[in-house]
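So this block is coords.cif, mmCIF, C-alpha atoms and all ligand atoms:
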data_run
loop_
_atom_site.label_atom_id
_atom_site.label_comp_id
_atom_site.auth_asym_id
_atom_site.auth_seq_id
_atom_site.Cartn_x
_atom_site.Cartn_y
_atom_site.Cartn_z
CA MET F 9 12.32 -68.45 28.22
CA LYS F 10 9.58 -67.76 25.60
CA GLN F 11 6.66 -70.11 26.27
CA SER F 12 3.93 -71.32 23.91
CA ASN F 13 1.73 -68.41 25.04
CA GLY F 14 4.53 -66.06 23.88
CA SER F 15 5.49 -64.76 27.32
CA PHE F 16 9.06 -64.38 28.59
CA ASP F 17 10.88 -63.45 31.82
CA ALA F 18 11.53 -59.78 32.55
CA TYR F 19 12.82 -57.72 35.48
CA LEU F 20 10.45 -54.80 35.90
CA ILE F 21 11.05 -51.56 37.83
CA GLU F 22 7.75 -50.24 39.17
CA GLY F 23 6.39 -47.55 41.49
CA ASN F 24 7.33 -43.89 41.34
CA PRO F 25 10.52 -41.84 41.91
CA GLY F 26 9.92 -41.81 45.69
CA ALA F 27 9.08 -45.51 46.07
CA VAL F 28 10.72 -47.89 43.61
CA GLN F 29 10.14 -51.67 43.64
CA SER F 30 11.68 -54.15 41.24
CA ARG F 31 10.60 -57.74 40.56
CA PHE F 32 10.72 -60.59 38.08
CA THR F 33 7.55 -60.95 36.02
CA ARG F 34 6.36 -62.30 32.67
CA LEU F 35 5.73 -60.07 29.66
CA ASN F 36 4.82 -60.66 26.04
CA VAL F 37 6.03 -58.88 22.90
CA GLN F 38 2.85 -56.79 22.63
CA GLN F 39 3.73 -55.16 25.98
CA LEU F 40 7.14 -53.94 24.75
CA ASP F 41 7.69 -50.35 23.66
CA ALA F 42 7.61 -49.31 19.99
CA GLY F 43 10.68 -49.59 17.78
CA GLU F 44 11.81 -50.90 14.39
CA VAL F 45 13.97 -53.74 15.72
CA LEU F 46 12.89 -56.69 17.87
CA VAL F 47 15.87 -58.39 19.51
CA SER F 48 15.94 -61.80 21.18
CA VAL F 49 18.16 -60.95 24.18
CA ARG F 50 21.04 -63.29 25.08
CA TYR F 51 23.04 -61.20 27.59
CA ALA F 52 22.57 -57.97 29.52
CA SER F 53 24.85 -56.46 32.19
CA VAL F 54 24.69 -54.64 35.50
CA ASN F 55 26.10 -51.13 35.30
CA TYR F 56 26.30 -48.79 38.28
CA LYS F 57 23.37 -46.88 36.77
CA ASP F 58 21.29 -50.09 36.53
CA ALA F 59 21.80 -50.80 40.22
CA LEU F 60 20.82 -47.23 41.18
CA ALA F 61 17.75 -47.42 38.92
CA ALA F 62 16.37 -50.74 40.18
CA THR F 63 16.90 -49.91 43.85
CA GLY F 64 15.55 -46.35 43.62
CA GLN F 65 18.86 -44.94 44.93
CA GLY F 66 19.09 -42.42 42.13
CA PRO F 67 16.50 -40.60 40.02
CA ILE F 68 17.31 -42.72 36.96
CA ILE F 69 14.00 -44.16 35.76
CA ARG F 70 12.03 -41.64 33.71
CA ARG F 71 8.98 -43.79 32.93
CA PHE F 72 7.34 -46.33 35.29
CA PRO F 73 7.02 -49.25 34.93
CA CYS F 74 10.21 -49.92 32.99
CA VAL F 75 12.16 -53.09 32.30
CA GLY F 76 15.68 -52.34 33.57
CA GLY F 77 18.97 -52.93 31.79
CA ILE F 78 20.81 -50.18 29.88
CA ASP F 79 22.65 -52.56 27.54
CA ALA F 80 21.91 -55.93 25.95
CA VAL F 81 23.25 -58.24 23.29
CA GLY F 82 21.22 -60.64 21.17
CA VAL F 83 19.94 -61.60 17.75
CA VAL F 84 17.49 -59.65 15.58
CA GLU F 85 14.13 -61.42 15.43
CA THR F 86 12.31 -58.92 13.17
CA SER F 87 13.35 -55.58 11.68
CA GLY F 88 11.52 -52.71 10.02
CA SER F 89 14.85 -50.99 9.36
CA PRO F 90 16.94 -51.66 6.24
CA ARG F 91 20.05 -51.63 8.48
CA PHE F 92 19.19 -54.95 10.17
CA ARG F 93 17.92 -58.38 9.15
CA PRO F 94 16.62 -61.31 11.19
CA GLY F 95 19.56 -63.31 12.52
CA ASP F 96 21.94 -60.30 12.81
CA ARG F 97 23.98 -60.24 16.04
CA VAL F 98 23.49 -56.85 17.69
CA ILE F 99 24.15 -54.72 20.76
CA VAL F 100 21.60 -52.22 22.10
CA HIS F 101 22.55 -49.44 24.52
CA SER F 102 22.12 -45.83 25.66
CA HIS F 103 19.42 -43.21 24.87
CA GLY F 104 16.23 -44.30 26.71
CA PHE F 105 17.08 -48.01 26.88
CA GLY F 106 16.30 -49.31 30.39
CA VAL F 107 15.45 -45.78 31.57
CA SER F 108 12.39 -44.49 29.70
CA HIS F 109 11.93 -47.46 27.34
CA HIS F 110 11.88 -51.15 28.31
CA GLY F 111 15.50 -52.32 28.57
CA GLY F 112 17.66 -55.42 28.40
CA TYR F 113 16.52 -57.46 31.43
CA ALA F 114 13.95 -59.40 29.40
CA GLY F 115 13.81 -62.20 26.85
CA TYR F 116 13.03 -59.64 24.13
CA ALA F 117 13.70 -55.94 23.55
CA ARG F 118 12.05 -53.77 20.88
CA VAL F 119 13.93 -50.53 20.13
CA PRO F 120 14.54 -47.77 17.56
CA ALA F 121 17.17 -48.78 14.98
CA ASP F 122 19.44 -45.88 16.04
CA TRP F 123 19.98 -47.57 19.43
CA VAL F 124 21.23 -50.76 17.76
CA ASN F 125 24.68 -51.63 16.39
CA ALA F 126 25.82 -54.75 14.60
CA ILE F 127 28.32 -56.70 16.67
CA PRO F 128 31.68 -56.20 14.94
CA PRO F 129 32.82 -59.36 13.12
CA GLY F 130 35.77 -60.08 15.42
CA LEU F 131 33.81 -60.00 18.68
CA SER F 132 31.67 -62.75 20.22
CA GLU F 133 28.34 -61.97 21.89
CA LEU F 134 29.93 -62.48 25.32
CA GLU F 135 32.90 -60.23 24.48
CA THR F 136 30.51 -57.56 23.20
CA ILE F 137 28.37 -57.43 26.35
CA THR F 138 31.55 -57.52 28.46
CA ILE F 139 32.47 -54.29 26.69
CA GLY F 140 28.85 -53.07 26.79
CA VAL F 141 27.96 -49.46 27.45
CA ALA F 142 30.82 -49.25 29.98
CA GLY F 143 33.52 -50.25 27.50
CA TYR F 144 31.91 -48.19 24.74
CA THR F 145 32.13 -45.14 27.04
CA ALA F 146 35.74 -45.94 27.97
CA ALA F 147 36.65 -46.17 24.27
CA LEU F 148 34.79 -42.92 23.54
CA ALA F 149 36.73 -41.22 26.35
CA ILE F 150 40.04 -42.42 24.91
CA ASP F 151 38.98 -41.31 21.43
CA LEU F 152 38.16 -37.84 22.84
CA LEU F 153 41.37 -37.66 24.92
CA GLU F 154 43.44 -38.40 21.82
CA LEU F 155 41.49 -35.86 19.75
CA ASN F 156 42.54 -33.44 22.52
CA GLY F 157 46.23 -34.28 22.19
CA ALA F 158 46.74 -37.32 24.43
CA SER F 159 49.67 -39.56 23.61
CA PRO F 160 51.81 -41.96 25.69
CA ALA F 161 54.84 -39.68 25.34
CA ARG F 162 53.16 -36.85 27.25
CA GLY F 163 53.02 -38.54 30.66
CA LYS F 164 50.98 -40.69 33.01
CA VAL F 165 47.25 -41.28 32.72
CA LEU F 166 45.27 -41.75 35.93
CA VAL F 167 42.17 -43.97 35.95
CA ASN F 168 40.08 -43.90 39.12
CA GLY F 169 37.34 -46.22 40.38
CA ALA F 170 39.82 -48.60 38.79
CA THR F 171 38.15 -51.96 39.45
CA GLY F 172 34.82 -50.73 37.97
CA GLY F 173 33.48 -51.64 34.54
CA VAL F 174 34.36 -48.42 32.70
CA ALA F 175 37.76 -48.17 34.36
CA SER F 176 38.77 -51.83 33.89
CA ILE F 177 38.25 -51.57 30.15
CA ALA F 178 39.88 -48.12 29.99
CA ILE F 179 43.00 -49.51 31.71
CA ASP F 180 43.10 -52.47 29.32
CA ILE F 181 42.81 -50.29 26.19
CA LEU F 182 45.18 -47.54 27.40
CA SER F 183 47.92 -49.95 28.42
CA GLN F 184 47.90 -51.78 25.09
CA ARG F 185 48.21 -48.39 23.36
CA GLY F 186 51.41 -47.79 25.31
CA TYR F 187 50.19 -45.44 28.04
CA ASP F 188 51.72 -45.47 31.51
CA VAL F 189 48.50 -46.13 33.46
CA VAL F 190 48.12 -45.32 37.16
CA ALA F 191 45.08 -47.11 38.61
CA VAL F 192 43.46 -45.61 41.72
CA THR F 193 41.21 -47.96 43.68
CA SER F 194 39.52 -48.27 47.05
CA LYS F 195 40.14 -52.06 46.95
CA ALA F 196 43.60 -52.68 48.36
CA ASP F 197 43.39 -56.40 47.55
CA GLN F 198 42.82 -55.91 43.80
CA SER F 199 46.28 -54.76 42.84
CA SER F 200 47.13 -57.95 40.93
CA TYR F 201 43.83 -57.78 38.95
CA LEU F 202 44.63 -54.20 37.90
CA LYS F 203 48.23 -55.05 36.99
CA GLU F 204 47.01 -57.99 34.89
CA LEU F 205 44.85 -55.53 32.95
CA GLY F 206 47.96 -53.45 32.28
CA ALA F 207 48.20 -50.84 35.06
CA ALA F 208 51.84 -49.86 35.58
CA GLU F 209 51.10 -48.61 39.10
CA VAL F 210 48.23 -49.13 41.54
CA ILE F 211 47.49 -46.54 44.23
CA SER F 212 45.04 -46.88 47.09
CA ALA F 213 42.51 -44.02 46.99
CA ARG F 214 43.11 -43.54 50.73
CA GLU F 215 46.84 -42.95 50.15
CA LEU F 216 46.41 -40.13 47.65
CA PRO F 217 47.59 -36.94 49.39
CA PRO F 218 44.81 -34.39 49.99
CA ALA F 219 44.56 -31.84 47.18
CA THR F 220 42.75 -28.78 48.43
CA ARG F 221 44.72 -25.75 47.24
CA PRO F 222 43.69 -24.31 43.84
CA LEU F 223 46.94 -25.69 42.34
CA GLU F 224 48.83 -28.62 43.84
CA LYS F 225 51.97 -30.39 42.61
CA SER F 226 51.22 -31.53 39.07
CA GLN F 227 51.33 -35.31 38.55
CA TRP F 228 49.16 -36.52 35.70
CA ALA F 229 49.01 -35.72 31.99
CA PHE F 230 45.57 -37.28 31.43
CA ALA F 231 42.81 -38.83 33.50
CA ILE F 232 39.63 -40.85 33.09
CA ASP F 233 37.27 -40.07 35.95
CA SER F 234 34.36 -42.36 36.88
CA LEU F 235 33.79 -40.71 40.26
CA GLY F 236 33.04 -36.96 40.12
CA GLY F 237 32.78 -35.19 43.50
CA GLU F 238 35.94 -34.75 45.59
CA PRO F 239 38.16 -37.15 43.57
CA LEU F 240 37.47 -35.16 40.38
CA ALA F 241 38.01 -31.84 42.18
CA ALA F 242 41.40 -33.14 43.41
CA LEU F 243 42.30 -34.22 39.89
CA THR F 244 41.70 -30.73 38.50
CA ARG F 245 44.31 -29.41 40.97
CA THR F 246 46.99 -32.02 40.18
CA MET F 247 47.08 -32.18 36.38
CA HIS F 248 50.15 -31.20 34.34
CA LYS F 249 50.09 -28.12 32.13
CA ASP F 250 47.75 -28.75 29.16
CA GLY F 251 46.40 -31.85 30.89
CA VAL F 252 43.07 -33.35 29.87
CA ILE F 253 40.47 -35.06 32.08
CA ALA F 254 37.62 -37.13 30.62
CA SER F 255 34.67 -36.88 33.01
CA ILE F 256 32.47 -39.98 32.75
CA GLY F 257 30.73 -40.70 36.03
CA ASN F 258 29.54 -39.67 39.45
CA ALA F 259 30.07 -42.76 41.65
CA ALA F 260 31.51 -40.49 44.40
CA GLY F 261 29.25 -37.47 43.87
CA MET F 262 27.63 -35.03 41.48
CA GLU F 263 29.20 -31.83 42.78
CA LEU F 264 32.45 -30.34 41.48
CA ASN F 265 34.09 -27.88 43.86
CA THR F 266 37.19 -26.46 42.24
CA SER F 267 38.46 -23.12 40.96
CA VAL F 268 39.23 -21.66 37.55
CA MET F 269 42.98 -21.60 38.33
CA PRO F 270 43.85 -24.99 36.72
CA PHE F 271 41.98 -23.89 33.61
CA ILE F 272 43.53 -20.45 33.21
CA LEU F 273 47.05 -21.14 34.57
CA ARG F 274 47.61 -24.73 33.43
CA GLY F 275 45.34 -24.84 30.39
CA LEU F 276 43.46 -27.81 31.83
CA ARG F 277 40.74 -29.24 29.60
CA LEU F 278 37.82 -31.00 31.27
CA ILE F 279 35.92 -32.91 28.61
CA GLY F 280 32.52 -34.48 29.15
CA VAL F 281 31.81 -37.99 27.90
CA ASN F 282 28.24 -39.08 27.14
CA SER F 283 27.36 -42.38 25.52
CA ASP F 284 24.11 -41.13 23.90
CA ASN F 285 25.57 -40.67 20.43
CA ASP F 286 24.28 -40.63 16.87
CA HIS F 287 24.53 -43.82 14.87
CA GLY F 288 27.59 -42.73 12.88
CA LEU F 289 29.71 -42.12 15.98
CA ARG F 290 28.48 -45.37 17.57
CA GLU F 291 29.50 -47.28 14.43
CA ARG F 292 32.95 -45.67 14.46
CA ILE F 293 33.62 -46.41 18.14
CA TRP F 294 32.34 -50.02 17.88
CA ARG F 295 34.60 -50.57 14.83
CA ARG F 296 37.55 -49.28 16.84
CA LEU F 297 36.61 -51.60 19.73
CA ASP F 298 37.12 -54.49 17.29
CA THR F 299 40.39 -53.11 15.88
CA ASP F 300 42.83 -50.59 17.33
CA LEU F 301 40.95 -50.10 20.65
CA ARG F 302 40.18 -53.79 21.18
CA PRO F 303 40.51 -54.77 24.87
CA ARG F 304 42.71 -57.82 25.45
CA HIS F 305 41.52 -59.02 28.82
CA LEU F 306 37.76 -59.38 28.40
CA ALA F 307 37.71 -62.93 29.77
CA ARG F 308 39.40 -61.64 32.94
CA ILE F 309 37.01 -58.66 33.22
CA ALA F 310 33.70 -60.58 32.70
CA ARG F 311 31.82 -62.24 35.55
CA VAL F 312 28.84 -64.10 34.09
CA GLU F 313 25.83 -64.56 36.39
CA PRO F 314 22.42 -66.23 35.94
CA PHE F 315 19.36 -64.03 35.34
CA GLU F 316 17.85 -64.88 38.72
CA SER F 317 20.91 -63.48 40.55
CA LEU F 318 20.20 -59.95 39.25
CA PRO F 319 18.95 -58.43 42.57
CA GLN F 320 21.97 -59.76 44.48
CA VAL F 321 24.43 -58.60 41.81
CA MET F 322 22.92 -55.11 42.03
CA GLN F 323 23.39 -55.03 45.80
CA ASP F 324 27.02 -56.10 45.33
CA VAL F 325 27.63 -53.40 42.70
CA LEU F 326 26.23 -50.70 45.01
CA ALA F 327 28.31 -51.97 47.94
CA GLY F 328 31.48 -51.92 45.78
CA ARG F 329 31.94 -55.68 46.27
CA ARG F 330 32.56 -56.52 42.60
CA THR F 331 35.27 -55.99 40.02
CA GLY F 332 35.03 -55.67 36.25
CA ARG F 333 31.80 -56.24 34.37
CA ALA F 334 28.78 -58.11 35.73
CA VAL F 335 27.30 -59.96 32.75
CA ILE F 336 23.78 -61.39 33.09
CA ALA F 337 22.97 -64.49 31.05
CA VAL F 338 19.34 -63.63 30.25
CA ARG F 339 18.92 -66.63 27.92
CA PRO F 340 21.10 -69.48 29.16
N1 LIG F 401 28.76 -40.72 30.79
C1 LIG F 401 28.22 -41.85 30.37
O1 LIG F 401 27.62 -41.94 29.30
C2 LIG F 401 28.39 -43.05 31.26
C3 LIG F 401 28.40 -44.34 30.70
C4 LIG F 401 28.66 -45.44 31.56
C5 LIG F 401 28.89 -45.21 32.92
N2 LIG F 401 28.81 -43.94 33.42
C6 LIG F 401 29.07 -43.66 34.83
O2 LIG F 401 30.43 -44.00 35.10
C7 LIG F 401 30.55 -44.41 36.47
C8 LIG F 401 31.20 -45.80 36.53
O3 LIG F 401 30.32 -46.74 35.93
P1 LIG F 401 30.64 -48.30 36.01
O4 LIG F 401 29.55 -48.99 35.27
O5 LIG F 401 32.06 -48.51 35.67
O6 LIG F 401 30.41 -48.57 37.58
P2 LIG F 401 31.01 -49.72 38.50
O7 LIG F 401 31.38 -50.91 37.66
O8 LIG F 401 30.08 -49.90 39.63
O9 LIG F 401 32.37 -49.06 39.01
C9 LIG F 401 32.42 -47.92 39.79
C10 LIG F 401 33.71 -47.97 40.62
O10 LIG F 401 33.83 -46.75 41.32
C11 LIG F 401 34.36 -46.98 42.62
N3 LIG F 401 33.34 -46.51 43.57
C12 LIG F 401 32.08 -46.97 43.73
N4 LIG F 401 31.43 -46.27 44.68
C13 LIG F 401 32.27 -45.32 45.10
C14 LIG F 401 32.19 -44.27 46.04
N5 LIG F 401 31.09 -44.04 46.75
N6 LIG F 401 33.26 -43.48 46.22
C15 LIG F 401 34.37 -43.67 45.51
N7 LIG F 401 34.52 -44.68 44.59
C16 LIG F 401 33.48 -45.48 44.39
C17 LIG F 401 34.65 -48.47 42.73
O11 LIG F 401 35.99 -48.68 42.26
P3 LIG F 401 37.25 -48.93 43.25
O12 LIG F 401 36.72 -49.74 44.39
O13 LIG F 401 38.23 -49.64 42.39
O14 LIG F 401 37.71 -47.56 43.67
C18 LIG F 401 33.70 -49.06 41.69
O15 LIG F 401 34.15 -50.29 41.21
C19 LIG F 401 29.13 -44.38 37.06
O16 LIG F 401 28.93 -43.15 37.71
C20 LIG F 401 28.26 -44.47 35.81
O17 LIG F 401 26.97 -43.94 36.03
C21 LIG F 401 28.57 -42.86 32.62
#
Encoding of this model in structure tokens:
Amino acid sequence: MKQSNGSFDAYLIEGNPGAVQSRFTRLNVQQLDAGEVLVSVRYASVNYKDALAATGQGPIIRRFPCVGGIDAVGVVETSGSPRFRPGDRVIVHSHGFGVSHHGGYAGYARVPADWVNAIPPGLSELETITIGVAGYTAALAIDLLELNGASPARGKVLVNGATGGVASIAIDILSQRGYDVVAVTSKADQSSYLKELGAAEVISARELPPATRPLEKSQWAFAIDSLGGEPLAALTRTMHKDGVIASIGNAAGMELNTSVMPFILRGLRLIGVNSDNDHGLRERIWRRLDTDLRPRHLARIARVEPFESLPQVMQDVLAGRRTGRAVIAVRP
């Protein structure tokens, strides 16, 4: 990976917002962005956002050229921050990482200390990247749902985009906390995968009845939404009184066409979930991911791929051909 001249492999996103090209290249540490912590990267992952960024299918990249990869796990090489020492096992994610600051698809990453967390003692490097920014966001959503009154006794929780990274980990965590989880997926053949993660029920997205009136029959107490667009609009119309939806993603669209009726007649709460958090909150959520929110099925959720397969994995993510978390072994 790092040769005697100090260079290492990297996957660089170049061009401009209207014409994006991505390619493998060689970089050296001097070409990395500024930051207190230099990390020798072991694993990165492919999130939906990474695939959009590298293929130019969404306006994700805010500074060209940019090494892609919005999360990475590795070992601290050097640190100008008292929080970290050489040899510490760490995860880096969110803020500008892989978007406006060189990201995780490279042998080394140099970042501000606030973007770095120590890997909790009970998690391996592979388990930590399997959780990654997706699992962190799922845990944050569950934390926020419970701060807003969620409990297993109050009814079913719907998780859509169910075979995706965020949703797979959300299903795993929710089911081990005793929730009755209904997984909604477009992949009819993945029912056994979702049940292994703990879903009590699996529904095909195509079989969900249309929900177009301002208020439809109420079915769900809570929901974790990775999709936005029409699926989220339908959810707002079908939640129980005092239901809570955690809005995480936009895999089906950015728009939200609904009415105020669920909010004013059923007391619906729509809470936004954003993984760009201050260091204190990140520490708290990562501690919970190693304790009471620890996923149990990470080995089932992870699919580890070699670095050179990155472009193909991205195509598969965009085409909805994968399940769980695509882990990239940057340093074999
Ligand atoms: N707010 C934050 O801070 C934050 C953090 C992480 C991720 N996100 C967002 O959360 C969403 C999910 O991320 P992820 O990493 O879990 O992605 P992912 O692994 O690619 O999963 C997305 C899932 O959504 C479903 N899906 C994909 N395209 C769809 C479409 N056009 N229409 C309907 N369903 C579709 C598929 O599930 P099924 O085939 O099972 O239906 C797919 O597996 C993305 O929008 C991502 O940008 C936000």
| Atom pair atom CA of Val338 of chain F / atom CA of Tyr51 of chain F: separation (Å) |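 Distance between the two atoms: 5.2 Å.
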| message | Just to confirm, what's the straight-line distance from atom CA of Ser226 of chain F to atom CA of Ala191 of chain F in Å (one decimal)? | response |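 Straight-line distance from atom CA of Ser226 of chain F to atom CA of Ala191 of chain F works out to 16.8 Å.
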| Which is closest to ligand LIG 401 (chain F) among F:Val28, F:Ala149, F:Leu131, F:Ala337, if we use all atoms listed in the file? | F:Ala149
| said: For a quick check of your reading of the model, name the residues lying within 7 Å of the coordinate (33.7, -40.2, 39.9), counting only C-alpha atoms, and write them as a PyMOL selection string. | reply: chain F and resi 233-237+239-240+257-261
| request: Would you mind listing the residues within 6 Å of ligand LIG 401 (chain F), counting all atoms listed in the file, as a count of residues only? | output: 29
| Sphere at (35.6, -55.5, 19.7), radius 9 Å, counting all atoms listed in the file: residues as a ChimeraX atom specification | /F:127-132,135-136,139,294-299,301-303
| field | Shell around Gly82 of chain F at 6 Å using all atoms listed in the file, local window under 3 positions removed, as an MDAnalysis selection string | value | chainID F and resid 48:50 97:98
| task | To one decimal in Å, tell me the separation between atom CA of Pro217 of chain F and atom CA of Leu243 of chain F. | result |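 Atom CA of Pro217 of chain F sits 11.2 Å away from atom CA of Leu243 of chain F.
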